[in-house]
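Text of protein_27.cif (mmCIF, C-alpha atoms, pLDDT in the B column; chains and numbers go by the auth columns) as supplied:
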```cif
data_model
loop_
_atom_site.group_PDB
_atom_site.id
_atom_site.type_symbol
_atom_site.label_atom_id
_atom_site.label_comp_id
_atom_site.label_asym_id
_atom_site.label_seq_id
_atom_site.Cartn_x
_atom_site.Cartn_y
_atom_site.Cartn_z
_atom_site.B_iso_or_equiv
_atom_site.auth_seq_id
_atom_site.auth_asym_id
ATOM 1 C CA ASP A 1 0.000 0.000 0.000 83.00 138 W
ATOM 2 C CA ASP A 2 2.888 2.374 0.651 94.00 139 W
ATOM 3 C CA PRO A 3 5.897 1.301 -1.448 97.00 140 W
ATOM 4 C CA SER A 4 9.165 3.021 -0.639 97.00 141 W
ATOM 5 C CA PHE A 5 11.594 4.194 -3.280 98.00 142 W
ATOM 6 C CA SER A 6 14.637 2.514 -1.761 98.00 143 W
ATOM 7 C CA GLU A 7 13.042 -0.855 -0.940 98.00 144 W
ATOM 8 C CA CYS A 8 10.505 -1.270 -3.752 98.00 145 W
ATOM 9 C CA ILE A 9 11.046 1.068 -6.705 98.00 146 W
ATOM 10 C CA MET A 10 14.828 1.220 -7.064 98.00 147 W
ATOM 11 C CA PRO A 11 15.209 -2.589 -7.004 98.00 148 W
ATOM 12 C CA ILE A 12 12.747 -2.888 -9.927 98.00 149 W
ATOM 13 C CA PHE A 13 14.652 -0.272 -11.934 97.00 150 W
ATOM 14 C CA SER A 14 18.022 -1.782 -11.032 97.00 151 W
ATOM 15 C CA GLU A 15 16.925 -5.206 -12.220 96.00 152 W
ATOM 16 C CA HIS A 16 14.986 -4.252 -15.342 95.00 153 W
ATOM 17 C CA CYS A 17 15.874 -0.746 -16.555 94.00 154 W
ATOM 18 C CA ILE A 18 19.373 0.438 -15.726 93.00 155 W
ATOM 19 C CA GLU A 19 20.906 -2.113 -18.085 91.00 156 W
ATOM 20 C CA CYS A 20 19.853 0.182 -20.957 91.00 157 W
ATOM 21 C CA HIS A 21 18.928 3.441 -19.225 93.00 158 W
ATOM 22 C CA PHE A 22 22.246 4.666 -17.823 93.00 159 W
ATOM 23 C CA HIS A 23 24.420 7.748 -18.324 92.00 160 W
ATOM 24 C CA ASN A 24 26.854 7.703 -21.224 91.00 161 W
ATOM 25 C CA ASN A 25 24.957 4.951 -23.041 89.00 162 W
ATOM 26 C CA PRO A 26 24.934 6.295 -26.610 87.00 163 W
ATOM 27 C CA TYR A 27 21.589 4.584 -27.286 83.00 164 W
ATOM 28 C CA SER A 28 19.854 5.570 -24.064 71.00 165 W
ATOM 29 C CA ILE A 29 17.641 8.606 -24.364 82.00 166 W
ATOM 30 C CA MET A 30 16.478 8.527 -20.767 92.00 167 W
ATOM 31 C CA PRO A 31 18.795 7.647 -17.876 96.00 168 W
ATOM 32 C CA LEU A 32 16.943 6.024 -14.969 96.00 169 W
ATOM 33 C CA THR A 33 19.710 5.608 -12.421 97.00 170 W
ATOM 34 C CA ASN A 34 18.551 7.645 -9.448 98.00 171 W
ATOM 35 C CA PHE A 35 15.537 9.027 -7.605 98.00 172 W
ATOM 36 C CA THR A 36 15.337 12.335 -9.489 98.00 173 W
ATOM 37 C CA GLU A 37 15.530 10.746 -12.949 97.00 174 W
ATOM 38 C CA ILE A 38 12.951 8.095 -12.102 98.00 175 W
ATOM 39 C CA GLN A 39 10.614 10.498 -10.309 98.00 176 W
ATOM 40 C CA ASP A 40 10.651 12.927 -13.247 97.00 177 W
ATOM 41 C CA LYS A 41 9.727 10.230 -15.771 97.00 178 W
ATOM 42 C CA ILE A 42 7.035 8.792 -13.484 97.00 179 W
ATOM 43 C CA ILE A 43 5.430 12.202 -12.944 97.00 180 W
ATOM 44 C CA ASN A 44 5.419 13.098 -16.635 96.00 181 W
ATOM 45 C CA GLY A 45 3.843 9.717 -17.481 95.00 182 W
ATOM 46 C CA THR A 46 6.629 8.349 -19.676 94.00 183 W
ATOM 47 C CA ILE A 47 7.413 5.285 -17.568 96.00 184 W
ATOM 48 C CA ILE A 48 3.883 4.260 -16.674 96.00 185 W
ATOM 49 C CA GLU A 49 2.814 4.535 -20.317 96.00 186 W
ATOM 50 C CA SER A 50 5.852 2.526 -21.447 94.00 187 W
ATOM 51 C CA ILE A 51 5.396 -0.335 -18.996 95.00 188 W
ATOM 52 C CA ASN A 52 1.658 -0.630 -19.702 94.00 189 W
ATOM 53 C CA ARG A 53 1.822 -0.768 -23.519 92.00 190 W
ATOM 54 C CA GLU A 54 0.623 -3.960 -25.130 88.00 191 W
ATOM 55 C CA ILE A 55 3.090 -3.619 -28.015 86.00 192 W
ATOM 56 C CA GLY A 56 6.522 -2.078 -27.605 86.00 193 W
ATOM 57 C CA PHE A 57 6.443 -2.267 -23.814 90.00 194 W
ATOM 58 C CA MET A 58 9.493 -1.713 -21.675 89.00 195 W
ATOM 59 C CA PRO A 59 11.873 -3.227 -20.913 90.00 196 W
ATOM 60 C CA LYS A 60 12.681 -3.485 -24.601 85.00 197 W
ATOM 61 C CA ASN A 61 13.849 -6.962 -25.612 83.00 198 W
ATOM 62 C CA GLY A 62 13.201 -8.137 -22.075 84.00 199 W
ATOM 63 C CA GLU A 63 10.475 -9.813 -20.139 88.00 200 W
ATOM 64 C CA ARG A 64 7.537 -7.580 -19.340 93.00 201 W
ATOM 65 C CA LEU A 65 7.367 -6.354 -15.751 96.00 202 W
ATOM 66 C CA SER A 66 5.035 -8.431 -13.630 96.00 203 W
ATOM 67 C CA ALA A 67 1.570 -7.120 -12.795 95.00 204 W
ATOM 68 C CA GLU A 68 2.758 -6.770 -9.191 97.00 205 W
ATOM 69 C CA GLN A 69 5.786 -4.668 -10.197 97.00 206 W
ATOM 70 C CA ILE A 70 3.594 -2.408 -12.337 97.00 207 W
ATOM 71 C CA LEU A 71 1.134 -1.997 -9.463 97.00 208 W
ATOM 72 C CA ILE A 72 3.979 -1.096 -7.088 98.00 209 W
ATOM 73 C CA ILE A 73 5.196 1.620 -9.472 98.00 210 W
ATOM 74 C CA GLU A 74 1.665 2.942 -9.990 97.00 211 W
ATOM 75 C CA LYS A 75 0.998 2.963 -6.241 98.00 212 W
ATOM 76 C CA TRP A 76 4.237 4.847 -5.612 98.00 213 W
ATOM 77 C CA TYR A 77 3.075 7.421 -8.173 98.00 214 W
ATOM 78 C CA GLU A 78 -0.366 7.670 -6.563 97.00 215 W
ATOM 79 C CA ASN A 79 1.323 8.258 -3.187 97.00 216 W
ATOM 80 C CA GLY A 80 3.211 11.266 -4.563 97.00 217 W
ATOM 81 C CA THR A 81 6.561 9.613 -5.500 97.00 218 W
ATOM 82 C CA PRO A 82 8.170 10.058 -2.065 97.00 219 W
ATOM 83 C CA ASN A 83 11.933 9.723 -1.637 97.00 220 W
ATOM 84 C CA ASN A 84 11.726 7.154 1.140 95.00 221 W
#
```
Represent the structure of the file as structure tokens.
Amino acid sequence: DDPSFSECIMPIFSEHCIECHFHNNPYSIMPLTNFTEIQDKIINGTIIESINREIGFMPKNGERLSAEQILIIEKWYENGTPNN
């Protein structure tokens, strides 16, 4: 009900996103390596839209995030994206 950034959100991004979304990756258009980067892309809707797509979902060329992981990210957004 109240996912924390450090215990719930960052582990999802570390496991599924940072492999492609890191600084100095010439193909990465959106680094997702820290709270500020992730929070910004959650608030503007980019991440939630990308993980919920039926076709072309993220992570690209990877296994789709589980329904539970998506719900955790959405709940964190609904709770105001706290840095906790």
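Among W:Ser143, W:Asp177, W:Ser165, W:Ile149, the residue with the shortest atom-to-atom distance to Glu205 (chain W), counting all atoms listed in the file, is W:Ile149.
Residues with any atom within 12 Å of the point (16.0, -5.4, -13.7), counting only C-alpha atoms, are Ile146, Met147, Pro148, Ile149, Phe150, Ser151, Glu152, His153, Cys154, Ile155, Glu156, Cys157, His158, Leu169, Thr170, Met195, Pro196, Lys197, Gly199, Glu200, Arg201, Leu202, Ser203 and Gln206 of chain W.
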TODO: Translate the PyMOL selection byres ((chain W and resi 215) around 12), as applied to the file shown, into an explicit residue set as an NGL selection string.
DONE: :W and (138-140 or 176 or 179-180 or 182 or 185 or 208-214 or 216-219)
Go ahead and write the selection's residues with C-alpha atoms as an mmCIF file, in the coordinates of the input.
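Wrote again04.cif, looks like this:
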```
data_model
loop_
_atom_site.group_PDB
_atom_site.id
_atom_site.type_symbol
_atom_site.label_atom_id
_atom_site.label_comp_id
_atom_site.auth_asym_id
_atom_site.auth_seq_id
_atom_site.Cartn_x
_atom_site.Cartn_y
_atom_site.Cartn_z
ATOM 1 C CA ASP W 138 0.000 0.000 0.000
ATOM 2 C CA ASP W 139 2.888 2.374 0.651
ATOM 3 C CA PRO W 140 5.897 1.301 -1.448
ATOM 4 C CA GLN W 176 10.614 10.498 -10.309
ATOM 5 C CA ILE W 179 7.035 8.792 -13.484
ATOM 6 C CA ILE W 180 5.430 12.202 -12.944
ATOM 7 C CA GLY W 182 3.843 9.717 -17.481
ATOM 8 C CA ILE W 185 3.883 4.260 -16.674
ATOM 9 C CA LEU W 208 1.134 -1.997 -9.463
ATOM 10 C CA ILE W 209 3.979 -1.096 -7.088
ATOM 11 C CA ILE W 210 5.196 1.620 -9.472
ATOM 12 C CA GLU W 211 1.665 2.942 -9.990
ATOM 13 C CA LYS W 212 0.998 2.963 -6.241
ATOM 14 C CA TRP W 213 4.237 4.847 -5.612
ATOM 15 C CA TYR W 214 3.075 7.421 -8.173
ATOM 16 C CA ASN W 216 1.323 8.258 -3.187
ATOM 17 C CA GLY W 217 3.211 11.266 -4.563
ATOM 18 C CA THR W 218 6.561 9.613 -5.500
ATOM 19 C CA PRO W 219 8.170 10.058 -2.065
#
```
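The space between CA of Ala204 (chain W) and CA of Ile188 (chain W) spans 10.0 Å.
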Output, as lines of an AutoDock Vina configuration file, the centre and edge lengths in Å (one decimal) of the axis-aligned box that contains all listed atoms of region 171-177 of chain W with 5 Å of margin on each side.
```
center_x = 14.6
center_y = 10.3
center_z = -10.4
size_x = 17.9
size_y = 15.3
size_z = 15.6
```
- [ ] Mind giving me the straight-line distance from CA of Thr173 (chain W) to CA of Glu144 (chain W) in Å, one decimal?
- [x] 15.9 Å
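Pairwise distance (CA of Cys145 (chain W), CA of Asn198 (chain W)) equals 22.8 Å.
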